[in-house]
Amino acid sequence: MRILLVDDEVELTLPLSRALTREGYAVDVADEGGTGYNLAIQHHYDLLILDWMLPHQSGIEMCQKLRSKNNQIPILFLTAKDTLNDRVKGLDAGADDYLVKPFELRELLARVRALLRRPPTLESPTANSRLQIFDLELDIENQLAYRNGRMIELSEKECKLLEYFMRHSGQLLTHQQIYQHLWVDSDQPSSNVLAAQIRLLRRKIEDPKERQLIHTVYRKGYRFGE
């Protein structure tokens, strides 16, 4: 399970991220709202732990923007704002739970477990079939990608590969993982076939002047993103 913790209090984020890591979670930390929002839309997280008062973009604004994009990641607010009106405002913005600072670590961990046990919310077909990372957008249903104003037609395999990359942005995907995803019901081809597939996709989505998105990790696999 992967958690994003967004809070500008280092004295809180450091021990809390360590405690969550000891519980077996992978934890990313951001100390301001803009960075936190970008991480939330670029990567897949199972839970967002979010402070209300943040530099550059408040937790409320970040929560509202995610929900407006139909991003249904569970959100737990951590905040010193403890009035009833504050709690109502946070929940109305789209938060799933609300914990007032200071709090007991045991209670926070219990709330984290409870949120992660919830079944995922079904997204609308339109939202689920469109992905965006940086300036690249993928329309899965129509096998089309868009980048810097140009439309890119994709084969079925290219679309499936790009979707897999975008849904696991920032993660190392091994050759074996990609083989198993692309060739589920057939014999796995040679390594040259996968390399050729990657090369074709790169030609389509990466012009020479554009940011490179597909990165080779020598002898291991590939990573998508910055």
# chains A, B, ... in the order shown; residues from 1 in each chain; ligands from 1

$ residues_around --residues "stretch 54-60 of chain A" --least-positions-apart "4" --cutoff "7 Å" --atoms "only C-alpha atoms" --output "ChimeraX atom specification"
/A:7-8,32-34,50,64,90,93

$ write_last_selection --atoms "N, CA and C atoms" --output "mmCIF file, in the first residue's frame"
data_model
loop_
_atom_site.group_PDB
_atom_site.id
_atom_site.type_symbol
_atom_site.label_atom_id
_atom_site.label_comp_id
_atom_site.auth_asym_id
_atom_site.auth_seq_id
_atom_site.Cartn_x
_atom_site.Cartn_y
_atom_site.Cartn_z
ATOM 1 N N ASP A 7 2.313 17.595 4.481
ATOM 2 C CA ASP A 7 2.287 18.423 5.679
ATOM 3 C C ASP A 7 3.602 19.193 5.732
ATOM 4 N N ASP A 8 3.542 20.465 6.167
ATOM 5 C CA ASP A 8 4.763 21.270 6.187
ATOM 6 C C ASP A 8 5.460 21.274 7.540
ATOM 7 N N GLU A 32 4.375 20.999 0.711
ATOM 8 C CA GLU A 32 3.498 22.097 0.287
ATOM 9 C C GLU A 32 2.466 21.568 -0.709
ATOM 10 N N GLY A 33 1.356 22.326 -0.836
ATOM 11 C CA GLY A 33 0.203 21.822 -1.559
ATOM 12 C C GLY A 33 0.418 21.592 -3.036
ATOM 13 N N GLY A 34 1.180 22.477 -3.694
ATOM 14 C CA GLY A 34 1.390 22.320 -5.131
ATOM 15 C C GLY A 34 2.117 21.034 -5.469
ATOM 16 N N LEU A 50 -3.463 14.479 4.649
ATOM 17 C CA LEU A 50 -3.361 15.844 4.172
ATOM 18 C C LEU A 50 -3.571 16.858 5.294
ATOM 19 N N GLN A 64 -10.421 19.572 -3.099
ATOM 20 C CA GLN A 64 -11.473 19.943 -4.052
ATOM 21 C C GLN A 64 -11.027 19.705 -5.492
ATOM 22 N N GLY A 90 -14.319 20.436 5.834
ATOM 23 C CA GLY A 90 -13.359 19.454 5.329
ATOM 24 C C GLY A 90 -14.041 18.262 4.684
ATOM 25 N N ALA A 93 -15.638 19.128 1.400
ATOM 26 C CA ALA A 93 -14.646 19.299 0.322
ATOM 27 C C ALA A 93 -14.268 17.970 -0.315
#

$ residues_around --residues "A:Gln176" --least-positions-apart "4" --cutoff "9 Å" --atoms "only C-alpha atoms" --output "list in words"
Gln180, His181 and Gly221 of chain A

$ write_last_selection --atoms "C-alpha atoms" --output "short mmCIF file (atom, residue, chain, number, x, y, z; two decimals), in the first residue's frame"
data_model
loop_
_atom_site.label_atom_id
_atom_site.label_comp_id
_atom_site.auth_asym_id
_atom_site.auth_seq_id
_atom_site.Cartn_x
_atom_site.Cartn_y
_atom_site.Cartn_z
CA GLN A 180 2.80 -10.72 -18.10
CA HIS A 181 0.62 -7.66 -18.62
CA GLY A 221 13.00 -2.82 -16.96
#

$ residues_around --residues "stretch 97-103 of chain A" --least-positions-apart "2" --cutoff "6 Å" --atoms "only C-alpha atoms" --output "ChimeraX atom specification"
/A:76-80,95

$ residues_around --residues "stretch 207-213 of chain A" --least-positions-apart "4" --cutoff "10 Å" --atoms "only C-alpha atoms" --output "list in words"
Ile133, Phe134, Asp135, Leu136, Arg147, Asn148, Phe165, Met166, Ser169, Gly170, Arg202, Arg203, Arg223, Phe224, Gly225 and Glu226 of chain A

$ select_by_dssp --residues "stretch 136-172 of chain A" --states "helix (DSSP H, G or I)" --output "PyMOL selection string"
chain A and resi 156-167

$ write_last_selection --atoms "C-alpha atoms" --output "tab-separated table (two decimals), in the first residue's frame"
chain	number	residue	atom	x	y	z
A	156	GLU	CA	-3.96	-2.07	-29.24
A	157	LYS	CA	-0.64	-3.23	-27.76
A	158	GLU	CA	0.78	0.32	-27.65
A	159	CYS	CA	-2.34	1.59	-25.89
A	160	LYS	CA	-2.25	-1.23	-23.36
A	161	LEU	CA	1.46	-0.65	-22.71
A	162	LEU	CA	1.05	3.11	-22.30
A	163	GLU	CA	-1.91	2.64	-19.97
A	164	TYR	CA	0.18	0.26	-17.85
A	165	PHE	CA	3.01	2.80	-17.67
A	166	MET	CA	0.71	5.69	-16.79
A	167	ARG	CA	-1.13	3.79	-14.07

$ atom_distance --atom1 "atom CA of A:Ile214" --atom2 "atom CA of A:Arg199"
9.6 Å

$ select_by_dssp --residues "chain A" --states "strand (DSSP E or B)" --output "PyMOL selection string"
chain A and resi 2-6+26-30+47-51+75-79+97-100+130-133+136-139+144-147+150-153+172-174+214-217+221-224

$ write_last_selection --atoms "C-alpha atoms" --output "mmCIF file, in the first residue's frame"
data_model
loop_
_atom_site.group_PDB
_atom_site.id
_atom_site.type_symbol
_atom_site.label_atom_id
_atom_site.label_comp_id
_atom_site.auth_asym_id
_atom_site.auth_seq_id
_atom_site.Cartn_x
_atom_site.Cartn_y
_atom_site.Cartn_z
ATOM 1 C CA ARG A 2 1.309 3.439 -0.969
ATOM 2 C CA ILE A 3 0.538 6.576 1.075
ATOM 3 C CA LEU A 4 1.138 10.234 0.274
ATOM 4 C CA LEU A 5 1.671 12.463 3.329
ATOM 5 C CA VAL A 6 1.379 16.218 2.707
ATOM 6 C CA ALA A 26 5.382 2.879 1.255
ATOM 7 C CA VAL A 27 5.310 6.591 2.112
ATOM 8 C CA ASP A 28 5.993 9.673 -0.022
ATOM 9 C CA VAL A 29 6.152 13.091 1.662
ATOM 10 C CA ALA A 30 5.483 16.599 0.327
ATOM 11 C CA LEU A 47 -4.349 6.932 0.729
ATOM 12 C CA LEU A 48 -3.672 10.664 1.058
ATOM 13 C CA ILE A 49 -2.939 12.114 4.518
ATOM 14 C CA LEU A 50 -3.361 15.844 4.172
ATOM 15 C CA ASP A 51 -2.812 18.915 6.343
ATOM 16 C CA ILE A 75 -8.290 11.407 2.046
ATOM 17 C CA LEU A 76 -7.597 11.799 5.766
ATOM 18 C CA PHE A 77 -7.287 15.378 7.044
ATOM 19 C CA LEU A 78 -4.839 16.119 9.862
ATOM 20 C CA THR A 79 -5.426 19.611 11.200
ATOM 21 C CA ASP A 97 -12.013 11.280 7.580
ATOM 22 C CA TYR A 98 -10.791 14.031 9.890
ATOM 23 C CA LEU A 99 -8.308 13.880 12.770
ATOM 24 C CA VAL A 100 -7.535 16.875 14.991
ATOM 25 C CA ARG A 130 -8.802 8.800 -19.674
ATOM 26 C CA LEU A 131 -5.415 9.255 -18.025
ATOM 27 C CA GLN A 132 -3.083 12.236 -17.927
ATOM 28 C CA ILE A 133 0.556 12.502 -16.845
ATOM 29 C CA LEU A 136 0.445 13.497 -22.169
ATOM 30 C CA GLU A 137 -3.189 12.391 -22.167
ATOM 31 C CA LEU A 138 -4.424 8.911 -23.039
ATOM 32 C CA ASP A 139 -7.925 8.099 -24.286
ATOM 33 C CA LEU A 144 -5.620 7.756 -28.879
ATOM 34 C CA ALA A 145 -3.009 9.842 -27.103
ATOM 35 C CA TYR A 146 -2.621 13.632 -27.109
ATOM 36 C CA ARG A 147 0.537 15.596 -26.498
ATOM 37 C CA ARG A 150 -1.135 16.632 -31.599
ATOM 38 C CA MET A 151 -3.244 13.477 -31.787
ATOM 39 C CA ILE A 152 -1.380 10.154 -31.703
ATOM 40 C CA GLU A 153 -2.997 6.956 -32.976
ATOM 41 C CA LEU A 172 10.125 0.428 -11.843
ATOM 42 C CA LEU A 173 8.293 -2.082 -14.032
ATOM 43 C CA THR A 174 10.404 -5.153 -14.705
ATOM 44 C CA ILE A 214 9.929 6.270 -20.843
ATOM 45 C CA HIS A 215 13.246 5.578 -19.128
ATOM 46 C CA THR A 216 15.258 2.382 -19.454
ATOM 47 C CA VAL A 217 16.542 0.889 -16.201
ATOM 48 C CA GLY A 221 13.002 -2.821 -16.961
ATOM 49 C CA TYR A 222 11.487 0.607 -17.476
ATOM 50 C CA ARG A 223 10.238 3.576 -15.477
ATOM 51 C CA PHE A 224 7.641 6.051 -16.746
#

$ closest_residue --among "A:Leu154, A:Leu39, A:Ala19, A:Ile73" --to "A:Leu115" --atoms "only C-alpha atoms"
A:Ile73
